[in-house]
$ cat structure.txt   # compact mmCIF, C-alpha atoms
# COMPACT_ATOMS: atom_id res chain seq x y z
CA MET A 1 -11.89 3.03 6.64
CA ASP A 2 -8.63 1.95 8.15
CA GLY A 3 -7.88 -1.33 9.86
CA ASN A 4 -5.17 0.07 12.07
CA GLY A 5 -7.84 0.42 14.72
CA ASN A 6 -8.60 -3.29 14.82
CA ASP A 7 -7.92 -5.20 18.01
CA GLY A 8 -7.58 -8.92 18.59
CA ASN A 9 -5.31 -11.65 17.33
CA ALA A 10 -4.88 -12.68 13.73
CA HIS A 11 -7.27 -15.42 12.75
CA GLY A 12 -7.93 -17.68 9.82
CA THR A 13 -11.09 -18.35 7.89
CA ALA A 14 -12.25 -20.88 5.40
CA HIS A 15 -10.60 -18.74 2.70
CA GLY A 16 -7.13 -19.37 4.08
CA THR A 17 -6.58 -15.88 5.44
CA GLU A 18 -4.50 -17.03 8.40
CA ASP A 19 -1.33 -15.78 6.69
CA LEU A 20 -2.81 -12.36 5.96
CA GLY A 21 -3.31 -11.25 9.55
CA LEU A 22 -6.97 -10.43 9.05
CA ARG A 23 -8.39 -9.35 12.39
CA PRO A 24 -11.90 -9.67 13.77
CA LEU A 25 -13.95 -6.51 13.85
CA THR A 26 -14.30 -4.72 17.17
CA ALA A 27 -16.39 -1.73 18.14
CA ARG A 28 -13.27 0.43 18.16
CA SER A 29 -12.13 -0.71 14.73
CA VAL A 30 -15.54 -0.05 13.18
CA VAL A 31 -15.77 3.43 14.70
CA LEU A 32 -12.23 4.38 13.73
CA SER A 33 -12.44 2.92 10.24
CA THR A 34 -15.79 4.60 9.58
CA LEU A 35 -14.51 8.03 10.62
CA LEU A 36 -11.22 7.69 8.76
CA GLY A 37 -13.15 6.89 5.62
CA HIS A 38 -15.53 9.84 6.01
CA HIS A 39 -14.87 13.42 4.82
CA PRO A 40 -15.04 15.42 6.97
CA PRO A 41 -14.26 12.83 9.69
CA HIS A 42 -17.17 13.69 11.97
CA LEU A 43 -20.41 11.75 12.41
CA PRO A 44 -23.34 11.85 14.82
CA VAL A 45 -23.55 9.13 17.44
CA ARG A 46 -26.53 7.59 15.69
CA SER A 47 -24.54 7.00 12.51
CA LEU A 48 -21.68 5.35 14.40
CA VAL A 49 -24.10 3.12 16.27
CA ARG A 50 -25.74 2.14 12.99
CA ALA A 51 -22.33 1.33 11.52
CA GLY A 52 -21.71 -1.06 14.39
CA GLU A 53 -25.07 -2.73 13.85
CA ILE A 54 -24.20 -3.53 10.23
CA PHE A 55 -21.28 -5.60 11.47
CA GLY A 56 -23.10 -7.23 14.37
CA ILE A 57 -21.75 -4.98 17.13
CA ALA A 58 -24.22 -3.95 19.82
CA GLU A 59 -25.03 -0.32 20.55
CA GLY A 60 -23.67 -0.62 24.08
CA ALA A 61 -20.30 -1.83 22.79
CA VAL A 62 -20.09 1.10 20.37
CA ARG A 63 -20.88 3.62 23.09
CA VAL A 64 -18.27 2.11 25.41
CA ALA A 65 -15.73 2.27 22.58
CA LEU A 66 -16.55 5.93 21.96
CA SER A 67 -15.96 6.80 25.62
CA ARG A 68 -12.65 4.93 25.68
CA MET A 69 -11.48 6.53 22.44
CA VAL A 70 -12.21 9.99 23.82
CA ALA A 71 -10.23 9.14 26.94
CA ALA A 72 -7.35 7.86 24.79
CA GLY A 73 -7.25 11.05 22.74
CA ASP A 74 -8.45 9.43 19.50
CA LEU A 75 -11.81 11.22 19.32
CA GLU A 76 -13.32 14.49 20.48
CA PRO A 77 -17.05 15.00 21.06
CA ARG A 78 -18.65 17.97 19.35
CA ASP A 79 -21.98 18.98 17.84
CA GLY A 80 -23.76 15.86 19.06
CA GLY A 81 -21.25 13.51 17.49
CA TYR A 82 -17.60 12.56 17.39
CA GLY A 83 -14.66 13.61 15.24
CA LEU A 84 -11.04 12.61 14.88
CA THR A 85 -8.35 14.42 16.85
CA ALA A 86 -5.38 16.11 15.16
CA ARG A 87 -3.19 13.03 15.43
CA LEU A 88 -5.67 10.89 13.57
CA LEU A 89 -6.36 13.62 11.03
CA GLU A 90 -2.71 13.23 10.05
CA ARG A 91 -3.29 9.50 9.61
CA GLN A 92 -6.29 10.21 7.42
CA ALA A 93 -4.15 12.51 5.26
CA ARG A 94 -1.54 9.76 4.85
CA GLN A 95 -4.30 7.30 4.05
CA ASP A 96 -5.67 9.61 1.36
CA ASP A 97 -2.20 9.99 -0.15
CA SER A 98 -1.88 6.20 -0.30
CA LEU A 99 -5.13 5.94 -2.21
CA SER A 100 -4.60 8.88 -4.56
CA PRO A 101 -0.84 9.43 -4.89
CA ARG A 102 0.30 12.55 -6.68
CA THR A 103 2.88 11.66 -9.29
CA ARG A 104 4.74 13.41 -12.08
CA PRO A 105 6.47 12.11 -15.23
CA TRP A 106 9.77 10.47 -14.36
CA ASP A 107 12.90 11.65 -16.17
CA GLY A 108 15.28 9.16 -14.59
CA ALA A 109 16.29 11.34 -11.65
CA TRP A 110 16.38 10.10 -8.05
CA GLU A 111 15.91 12.18 -4.93
CA ILE A 112 18.60 11.57 -2.33
CA ALA A 113 18.68 12.60 1.31
CA VAL A 114 21.97 12.25 3.20
CA VAL A 115 21.97 12.70 6.97
CA THR A 116 24.47 15.44 7.81
CA ALA A 117 23.27 16.53 11.25
CA GLU A 118 25.60 15.51 14.06
CA ARG A 119 24.89 14.11 17.51
CA ARG A 120 21.23 13.44 16.88
CA PRO A 121 19.18 12.34 19.91
CA ALA A 122 17.30 9.06 19.56
CA ALA A 123 13.99 10.92 19.26
CA ASP A 124 15.32 12.92 16.29
CA ARG A 125 16.58 9.79 14.56
CA SER A 126 13.22 8.10 15.09
CA ALA A 127 11.32 11.13 13.77
CA LEU A 128 13.47 11.20 10.64
CA ARG A 129 13.00 7.50 9.99
CA GLN A 130 9.24 7.88 10.30
CA ALA A 131 9.29 10.84 7.92
CA MET A 132 11.40 9.00 5.36
CA THR A 133 9.10 5.99 5.49
CA ALA A 134 6.05 8.22 5.00
CA LEU A 135 7.81 9.88 2.03
CA ARG A 136 8.48 6.39 0.61
CA LEU A 137 12.24 6.73 0.57
CA ALA A 138 14.35 3.63 1.14
CA GLU A 139 17.63 3.46 3.06
CA LEU A 140 20.54 2.43 0.84
CA ARG A 141 22.89 2.47 3.80
CA GLU A 142 22.74 4.09 7.21
CA GLY A 143 22.07 7.78 6.75
CA THR A 144 21.48 7.63 2.98
CA TRP A 145 17.90 7.59 1.70
CA LEU A 146 16.68 7.67 -1.89
CA ARG A 147 13.93 6.95 -4.37
CA PRO A 148 12.96 7.86 -7.95
CA ALA A 149 11.87 11.50 -8.15
CA ASN A 150 8.35 10.82 -9.41
CA LEU A 151 6.25 11.78 -6.39
CA VAL A 152 4.82 15.19 -5.53
CA ARG A 153 4.58 15.80 -1.78
CA GLN A 154 5.80 18.14 0.92
CA ARG A 155 8.73 17.17 3.10
CA PRO A 156 8.29 17.77 6.83
CA PRO A 157 10.80 20.15 8.48
CA VAL A 158 12.63 17.27 10.16
CA VAL A 159 14.08 16.24 6.79
CA ALA A 160 15.70 19.60 6.04
CA GLU A 161 16.85 19.89 9.64
CA GLN A 162 18.82 16.66 9.55
CA CYS A 163 19.64 16.04 5.89
CA THR A 164 21.30 17.47 2.81
CA LEU A 165 19.03 16.95 -0.20
CA LEU A 166 20.45 16.00 -3.60
CA THR A 167 19.31 14.83 -7.00
CA GLY A 168 21.15 12.17 -8.98
CA ALA A 169 20.87 8.94 -10.91
CA PRO A 170 22.46 5.51 -10.47
CA ASP A 171 25.17 4.40 -12.87
CA ASP A 172 23.81 0.85 -12.87
CA ASP A 173 20.38 -0.46 -13.86
CA PRO A 174 17.81 1.56 -11.86
CA ALA A 175 15.31 -1.33 -11.94
CA ARG A 176 17.83 -3.59 -10.27
CA LEU A 177 18.52 -0.92 -7.64
CA ALA A 178 14.78 -0.59 -6.99
CA ALA A 179 14.48 -4.35 -6.53
CA GLU A 180 17.30 -4.21 -3.98
CA LEU A 181 15.72 -1.35 -2.04
CA TRP A 182 12.15 -2.70 -1.93
CA ASP A 183 10.73 -6.21 -1.67
CA LEU A 184 8.60 -5.77 -4.75
CA ASP A 185 7.78 -9.45 -5.21
CA GLY A 186 6.73 -9.75 -1.57
CA TRP A 187 4.51 -6.68 -1.73
CA ALA A 188 2.85 -7.82 -4.95
CA ARG A 189 2.29 -11.34 -3.61
CA ARG A 190 0.53 -10.05 -0.49
CA ALA A 191 -1.48 -7.54 -2.53
CA ARG A 192 -2.83 -10.33 -4.74
CA ALA A 193 -3.62 -12.50 -1.72
CA LEU A 194 -5.54 -9.65 -0.07
CA ARG A 195 -7.45 -9.01 -3.28
CA ALA A 196 -8.35 -12.72 -3.43
CA ALA A 197 -9.52 -12.61 0.20
CA LEU A 198 -11.68 -9.61 -0.60
CA GLU A 199 -13.27 -11.28 -3.61
CA ALA A 200 -13.92 -14.43 -1.56
CA ALA A 201 -15.53 -12.50 1.31
CA SER A 202 -19.12 -13.33 2.12
CA GLY A 203 -21.01 -10.34 3.47
CA PRO A 204 -20.10 -6.82 4.57
CA ALA A 205 -18.20 -7.84 7.71
CA GLU A 206 -15.68 -9.98 5.84
CA GLU A 207 -15.39 -7.36 3.10
CA PHE A 208 -14.78 -4.65 5.70
CA THR A 209 -12.08 -6.75 7.37
CA ALA A 210 -10.30 -7.51 4.08
CA ALA A 211 -10.57 -3.88 2.99
CA ALA A 212 -9.00 -2.72 6.25
CA ALA A 213 -6.07 -5.10 5.68
CA ILE A 214 -5.68 -3.75 2.14
CA LEU A 215 -5.53 -0.21 3.48
CA ARG A 216 -2.81 -1.22 5.93
CA HIS A 217 -0.85 -2.69 3.03
CA LEU A 218 -1.13 0.19 0.56
CA PRO A 219 1.26 2.60 2.37
CA ALA A 220 4.07 0.09 1.76
CA ASP A 221 3.64 0.40 -2.01
CA PRO A 222 6.77 2.36 -3.04
CA LEU A 223 4.84 3.98 -5.92
CA LEU A 224 7.70 3.55 -8.35
CA PRO A 225 7.62 4.63 -12.00
CA ASP A 226 6.23 1.93 -14.29
CA ALA A 227 9.66 1.43 -15.85
CA LEU A 228 11.03 0.16 -12.54
CA LEU A 229 8.18 -2.19 -11.66
CA PRO A 230 7.78 -5.89 -12.44
CA GLY A 231 5.15 -6.72 -15.03
CA ASP A 232 1.52 -6.88 -13.92
CA TRP A 233 2.14 -4.74 -10.82
CA PRO A 234 -1.08 -4.90 -8.72
CA GLY A 235 -0.83 -1.54 -6.96
CA ALA A 236 -3.15 0.60 -9.09
CA ALA A 237 -5.73 -2.17 -9.49
CA LEU A 238 -5.77 -2.78 -5.73
CA ARG A 239 -6.37 0.90 -5.03
CA GLN A 240 -9.18 1.03 -7.58
CA ARG A 241 -10.83 -2.06 -6.10
CA TYR A 242 -10.57 -0.64 -2.60
CA GLU A 243 -12.08 2.68 -3.70
CA ALA A 244 -15.02 0.89 -5.32
CA LEU A 245 -15.61 -1.11 -2.15
CA ARG A 246 -15.33 2.00 0.01
CA GLU A 247 -18.07 3.63 -2.03
CA ASP A 248 -20.25 0.53 -1.64
CA ILE A 249 -19.72 0.39 2.11
CA GLY A 250 -20.26 4.14 2.39
CA ALA A 251 -23.59 3.79 0.61
CA LEU A 252 -24.51 0.92 2.92
CA LEU A 253 -23.66 2.98 5.99
CA SER A 254 -25.68 5.94 4.71
CA GLU A 255 -28.66 3.77 3.92
CA HIS A 256 -28.54 2.04 7.29
CA ALA A 257 -28.09 5.30 9.22
CA ALA A 258 -31.17 6.79 7.56
CA ARG A 259 -33.49 4.07 8.82
$ encode --input "structure.txt" --output "structure tokens"
Amino acid sequence: MDGNGNDGNAHGTAHGTEDLGLRPLTARSVVLSTLLGHHPPHLPVRSLVRAGEIFGIAEGAVRVALSRMVAAGDLEPRDGGYGLTARLLERQARQDDSLSPRTRPWDGAWEIAVVTAERRPAADRSALRQAMTALRLAELREGTWLRPANLVRQRPPVVAEQCTLLTGAPDDDPARLAAELWDLDGWARRARALRAALEAASGPAEEFTAAAAILRHLPADPLLPDALLPGDWPGAALRQRYEALREDIGALLSEHAAR
């Protein structure tokens, strides 16, 4: 599931979620979240309609959403159902990486990317910034990106095309540098608030909404080595709680679709 598909304005509930930007479920958000959480991301129409019914969304609204999402290039119809298009398959891959990051033991080294390409068009600069954000690098100053070298992932070609890649280590306290590069306290505070909203949810719809907000928040976790994190960092626990809920909701969807 992924709440990026949710429409509507932020709203509050009795649990004080007005500051968390929790959004009401729509037919589009339920369809998109259901497919993003399914492997492979293809389901028959009946299953998507049933998913909407669980959250109080009428069949007609789901079918209208499906038609609009096909027109928008989000979905493609095939084999009596609907699947994600290539663009959203990339989002699903990023989502999976956020939930199950691939790490390696950290030896104190930092990966550094320095922009050395000249006369970059705005589109190239934007593409690089998006790539660096997805790779969880932070910008120390304009054109200089870095992070601890503890993640295993492939760099897209745009990075090598525009940057010179280096490995190094700060002379000063690396934990202090990490705290300057990322708002660790802010991320942890929101993570705990989202977890509290999830635990306070009453019923699948509220759980689904809170879970979608959690999934939007997880990609901002810098996934730093433990030595650089504040005590009681909530990242791993939040991912585990989300995974458990995703399994529960998946079982609910399967049970409901089989009726």
$ residues_around --input "structure.txt" --residues "stretch 150-161 of chain A" --least-positions-apart "4" --cutoff "7 Å" --atoms "only C-alpha atoms" --output "mmCIF file with C-alpha atoms, in the coordinates of the input"
data_model
loop_
_atom_site.group_PDB
_atom_site.id
_atom_site.type_symbol
_atom_site.label_atom_id
_atom_site.label_comp_id
_atom_site.auth_asym_id
_atom_site.auth_seq_id
_atom_site.Cartn_x
_atom_site.Cartn_y
_atom_site.Cartn_z
ATOM 1 C CA ARG A 102 0.300 12.550 -6.680
ATOM 2 C CA THR A 103 2.880 11.660 -9.290
ATOM 3 C CA ARG A 104 4.740 13.410 -12.080
ATOM 4 C CA PRO A 105 6.470 12.110 -15.230
ATOM 5 C CA TRP A 106 9.770 10.470 -14.360
ATOM 6 C CA LEU A 128 13.470 11.200 10.640
ATOM 7 C CA PRO A 225 7.620 4.630 -12.000
#
$ residues_around --input "structure.txt" --residues "A:Ala188" --least-positions-apart "4" --cutoff "9 Å" --atoms "only C-alpha atoms" --output "PyMOL selection string"
chain A and resi 183-184+192-193+221+233-235
$ closest_residue --input "structure.txt" --among "A:Val115, A:Ala109, A:Ala213, A:Ala138" --to "A:Asp171" --atoms "all atoms listed in the file"
A:Ala109
$ closest_residue --input "structure.txt" --among "A:His217, A:Arg147, A:Arg190, A:Arg176" --to "A:Glu111" --atoms "all atoms listed in the file"
A:Arg147
$ axis_aligned_box --input "structure.txt" --around "stretch 163-169 of chain A" --padding-each-side "4 Å" --output "lines of an AutoDock Vina configuration file"
center_x = 20.2
center_y = 13.2
center_z = -2.5
size_x = 10.3
size_y = 16.5
size_z = 24.8
$ atom_distance --input "structure.txt" --atom1 "atom CA of A:Leu245" --atom2 "atom CA of A:Ala211"
7.7 Å
$ atom_distance --input "structure.txt" --atom1 "atom CA of A:Pro40" --atom2 "atom CA of A:Leu84"
9.3 Å
$ atom_distance --input "structure.txt" --atom1 "atom CA of A:Ile57" --atom2 "atom CA of A:Leu25"
8.6 Å
$ closest_residue --input "structure.txt" --among "A:Ala58, A:Leu43, A:Ala86, A:Leu166" --to "A:Thr26" --atoms "all atoms listed in the file"
A:Ala58
$ closest_residue --input "structure.txt" --among "A:Val30, A:Gly168, A:Pro41, A:Glu76" --to "A:Ala61" --atoms "all atoms listed in the file"
A:Val30
$ residues_around --input "structure.txt" --residues "A:Gln162" --least-positions-apart "5" --cutoff "9 Å" --atoms "all atoms listed in the file" --output "short mmCIF file (atom, residue, chain, number, x, y, z; two decimals) with C-alpha atoms, in the coordinates of the input"
data_model
loop_
_atom_site.label_atom_id
_atom_site.label_comp_id
_atom_site.auth_asym_id
_atom_site.auth_seq_id
_atom_site.Cartn_x
_atom_site.Cartn_y
_atom_site.Cartn_z
CA VAL A 114 21.97 12.25 3.20
CA VAL A 115 21.97 12.70 6.97
CA THR A 116 24.47 15.44 7.81
CA ALA A 117 23.27 16.53 11.25
CA GLU A 118 25.60 15.51 14.06
CA ARG A 120 21.23 13.44 16.88
CA ASP A 124 15.32 12.92 16.29
CA ARG A 125 16.58 9.79 14.56
CA LEU A 128 13.47 11.20 10.64
CA PRO A 157 10.80 20.15 8.48
#
$ closest_residue --input "structure.txt" --among "A:Ile54, A:Ala93, A:Leu35, A:Val62" --to "A:Asp74" --atoms "all atoms listed in the file"
A:Leu35
$ closest_atom_pairs --input "structure.txt" --of "stretch 127-197 of chain A" --to "stretch 237-240 of chain A" --cutoff "9 Å" --atoms "all atoms listed in the file" --output "CSV"
residue,atom,partner,partner_atom,distance
A:Ala191,CA,A:Leu238,CA,7.2
A:Arg192,CA,A:Leu238,CA,8.2
A:Leu194,CA,A:Leu238,CA,8.9
A:Arg195,CA,A:Leu238,CA,6.9
$ closest_residue --input "structure.txt" --among "A:Glu199, A:Trp110, A:Gln95, A:Pro44" --to "A:Gly80" --atoms "all atoms listed in the file"
A:Pro44
$ residues_near_point --input "structure.txt" --point "(-21.4, -1.6, 4.0)" --cutoff "10 Å" --atoms "all atoms listed in the file" --output "NGL selection string"
:A and (51 or 54-55 or 203-205 or 207-208 or 245-256)
$ residues_around --input "structure.txt" --residues "A:Val45" --least-positions-apart "6" --cutoff "9 Å" --atoms "all atoms listed in the file" --output "ChimeraX atom specification"
/A:63,66,80-82
$ build_atoms --input "structure.txt" --residues "stretch 152-184 of chain A" --atoms "N, CA and C atoms" --output "mmCIF file, in the frame of the given file"
data_model
loop_
_atom_site.group_PDB
_atom_site.id
_atom_site.type_symbol
_atom_site.label_atom_id
_atom_site.label_comp_id
_atom_site.auth_asym_id
_atom_site.auth_seq_id
_atom_site.Cartn_x
_atom_site.Cartn_y
_atom_site.Cartn_z
ATOM 1 N N VAL A 152 5.010 13.790 -5.923
ATOM 2 C CA VAL A 152 4.820 15.190 -5.530
ATOM 3 C C VAL A 152 4.274 15.189 -4.111
ATOM 4 N N ARG A 153 5.047 15.696 -3.153
ATOM 5 C CA ARG A 153 4.580 15.800 -1.780
ATOM 6 C C ARG A 153 5.489 16.750 -1.019
ATOM 7 N N GLN A 154 5.017 17.232 0.108
ATOM 8 C CA GLN A 154 5.800 18.140 0.920
ATOM 9 C C GLN A 154 6.647 17.344 1.905
ATOM 10 N N ARG A 155 7.869 17.804 2.108
ATOM 11 C CA ARG A 155 8.730 17.170 3.100
ATOM 12 C C ARG A 155 8.545 17.880 4.436
ATOM 13 N N PRO A 156 8.403 17.130 5.512
ATOM 14 C CA PRO A 156 8.290 17.770 6.830
ATOM 15 C C PRO A 156 9.607 18.437 7.212
ATOM 16 N N PRO A 157 9.585 19.421 8.101
ATOM 17 C CA PRO A 157 10.800 20.150 8.480
ATOM 18 C C PRO A 157 11.929 19.264 8.981
ATOM 19 N N VAL A 158 11.592 18.117 9.595
ATOM 20 C CA VAL A 158 12.630 17.270 10.160
ATOM 21 C C VAL A 158 13.618 16.797 9.098
ATOM 22 N N VAL A 159 13.182 16.692 7.854
ATOM 23 C CA VAL A 159 14.080 16.240 6.790
ATOM 24 C C VAL A 159 15.142 17.294 6.510
ATOM 25 N N ALA A 160 14.733 18.536 6.308
ATOM 26 C CA ALA A 160 15.700 19.600 6.040
ATOM 27 C C ALA A 160 16.598 19.865 7.242
ATOM 28 N N GLU A 161 16.068 19.642 8.427
ATOM 29 C CA GLU A 161 16.850 19.890 9.640
ATOM 30 C C GLU A 161 17.991 18.906 9.798
ATOM 31 N N GLN A 162 17.819 17.698 9.307
ATOM 32 C CA GLN A 162 18.820 16.660 9.550
ATOM 33 C C GLN A 162 19.567 16.206 8.303
ATOM 34 N N CYS A 163 19.080 16.601 7.113
ATOM 35 C CA CYS A 163 19.640 16.040 5.890
ATOM 36 C C CYS A 163 20.067 17.107 4.892
ATOM 37 N N THR A 164 20.998 16.723 4.019
ATOM 38 C CA THR A 164 21.300 17.470 2.810
ATOM 39 C C THR A 164 20.601 16.763 1.664
ATOM 40 N N LEU A 165 19.854 17.525 0.854
ATOM 41 C CA LEU A 165 19.030 16.950 -0.200
ATOM 42 C C LEU A 165 19.728 17.117 -1.547
ATOM 43 N N LEU A 166 19.762 16.032 -2.313
ATOM 44 C CA LEU A 166 20.450 16.000 -3.600
ATOM 45 C C LEU A 166 19.557 15.358 -4.645
ATOM 46 N N THR A 167 19.944 15.527 -5.890
ATOM 47 C CA THR A 167 19.310 14.830 -7.000
ATOM 48 C C THR A 167 20.397 14.156 -7.817
ATOM 49 N N GLY A 168 20.154 12.905 -8.213
ATOM 50 C CA GLY A 168 21.150 12.170 -8.980
ATOM 51 C C GLY A 168 20.510 11.007 -9.695
ATOM 52 N N ALA A 169 21.355 10.129 -10.214
ATOM 53 C CA ALA A 169 20.870 8.940 -10.910
ATOM 54 C C ALA A 169 21.918 7.842 -10.764
ATOM 55 N N PRO A 170 21.499 6.597 -10.619
ATOM 56 C CA PRO A 170 22.460 5.510 -10.470
ATOM 57 C C PRO A 170 23.186 5.224 -11.783
ATOM 58 N N ASP A 171 24.423 4.793 -11.679
ATOM 59 C CA ASP A 171 25.170 4.400 -12.870
ATOM 60 C C ASP A 171 24.691 3.054 -13.394
ATOM 61 N N ASP A 172 24.260 2.179 -12.478
ATOM 62 C CA ASP A 172 23.810 0.850 -12.870
ATOM 63 C C ASP A 172 22.320 0.854 -13.186
ATOM 64 N N ASP A 173 21.791 -0.307 -13.489
ATOM 65 C CA ASP A 173 20.380 -0.460 -13.860
ATOM 66 C C ASP A 173 19.482 0.022 -12.728
ATOM 67 N N PRO A 174 18.661 1.055 -12.943
ATOM 68 C CA PRO A 174 17.810 1.560 -11.860
ATOM 69 C C PRO A 174 16.753 0.538 -11.429
ATOM 70 N N ALA A 175 16.291 -0.314 -12.325
ATOM 71 C CA ALA A 175 15.310 -1.330 -11.940
ATOM 72 C C ALA A 175 15.917 -2.327 -10.975
ATOM 73 N N ARG A 176 17.167 -2.658 -11.199
ATOM 74 C CA ARG A 176 17.830 -3.590 -10.270
ATOM 75 C C ARG A 176 18.028 -2.937 -8.914
ATOM 76 N N LEU A 177 18.376 -1.637 -8.911
ATOM 77 C CA LEU A 177 18.520 -0.920 -7.640
ATOM 78 C C LEU A 177 17.188 -0.889 -6.905
ATOM 79 N N ALA A 178 16.101 -0.623 -7.619
ATOM 80 C CA ALA A 178 14.780 -0.590 -6.990
ATOM 81 C C ALA A 178 14.439 -1.934 -6.362
ATOM 82 N N ALA A 179 14.766 -3.015 -7.056
ATOM 83 C CA ALA A 179 14.480 -4.350 -6.530
ATOM 84 C C ALA A 179 15.306 -4.658 -5.284
ATOM 85 N N GLU A 180 16.475 -4.024 -5.173
ATOM 86 C CA GLU A 180 17.300 -4.210 -3.980
ATOM 87 C C GLU A 180 16.768 -3.389 -2.799
ATOM 88 N N LEU A 181 16.196 -2.243 -3.100
ATOM 89 C CA LEU A 181 15.720 -1.350 -2.040
ATOM 90 C C LEU A 181 14.360 -1.750 -1.488
ATOM 91 N N TRP A 182 13.506 -2.325 -2.343
ATOM 92 C CA TRP A 182 12.150 -2.700 -1.930
ATOM 93 C C TRP A 182 11.882 -4.156 -2.271
ATOM 94 N N ASP A 183 11.150 -4.830 -1.412
ATOM 95 C CA ASP A 183 10.730 -6.210 -1.670
ATOM 96 C C ASP A 183 9.497 -6.181 -2.562
ATOM 97 N N LEU A 184 9.711 -5.944 -3.824
ATOM 98 C CA LEU A 184 8.600 -5.770 -4.750
ATOM 99 C C LEU A 184 7.807 -7.057 -4.928
#
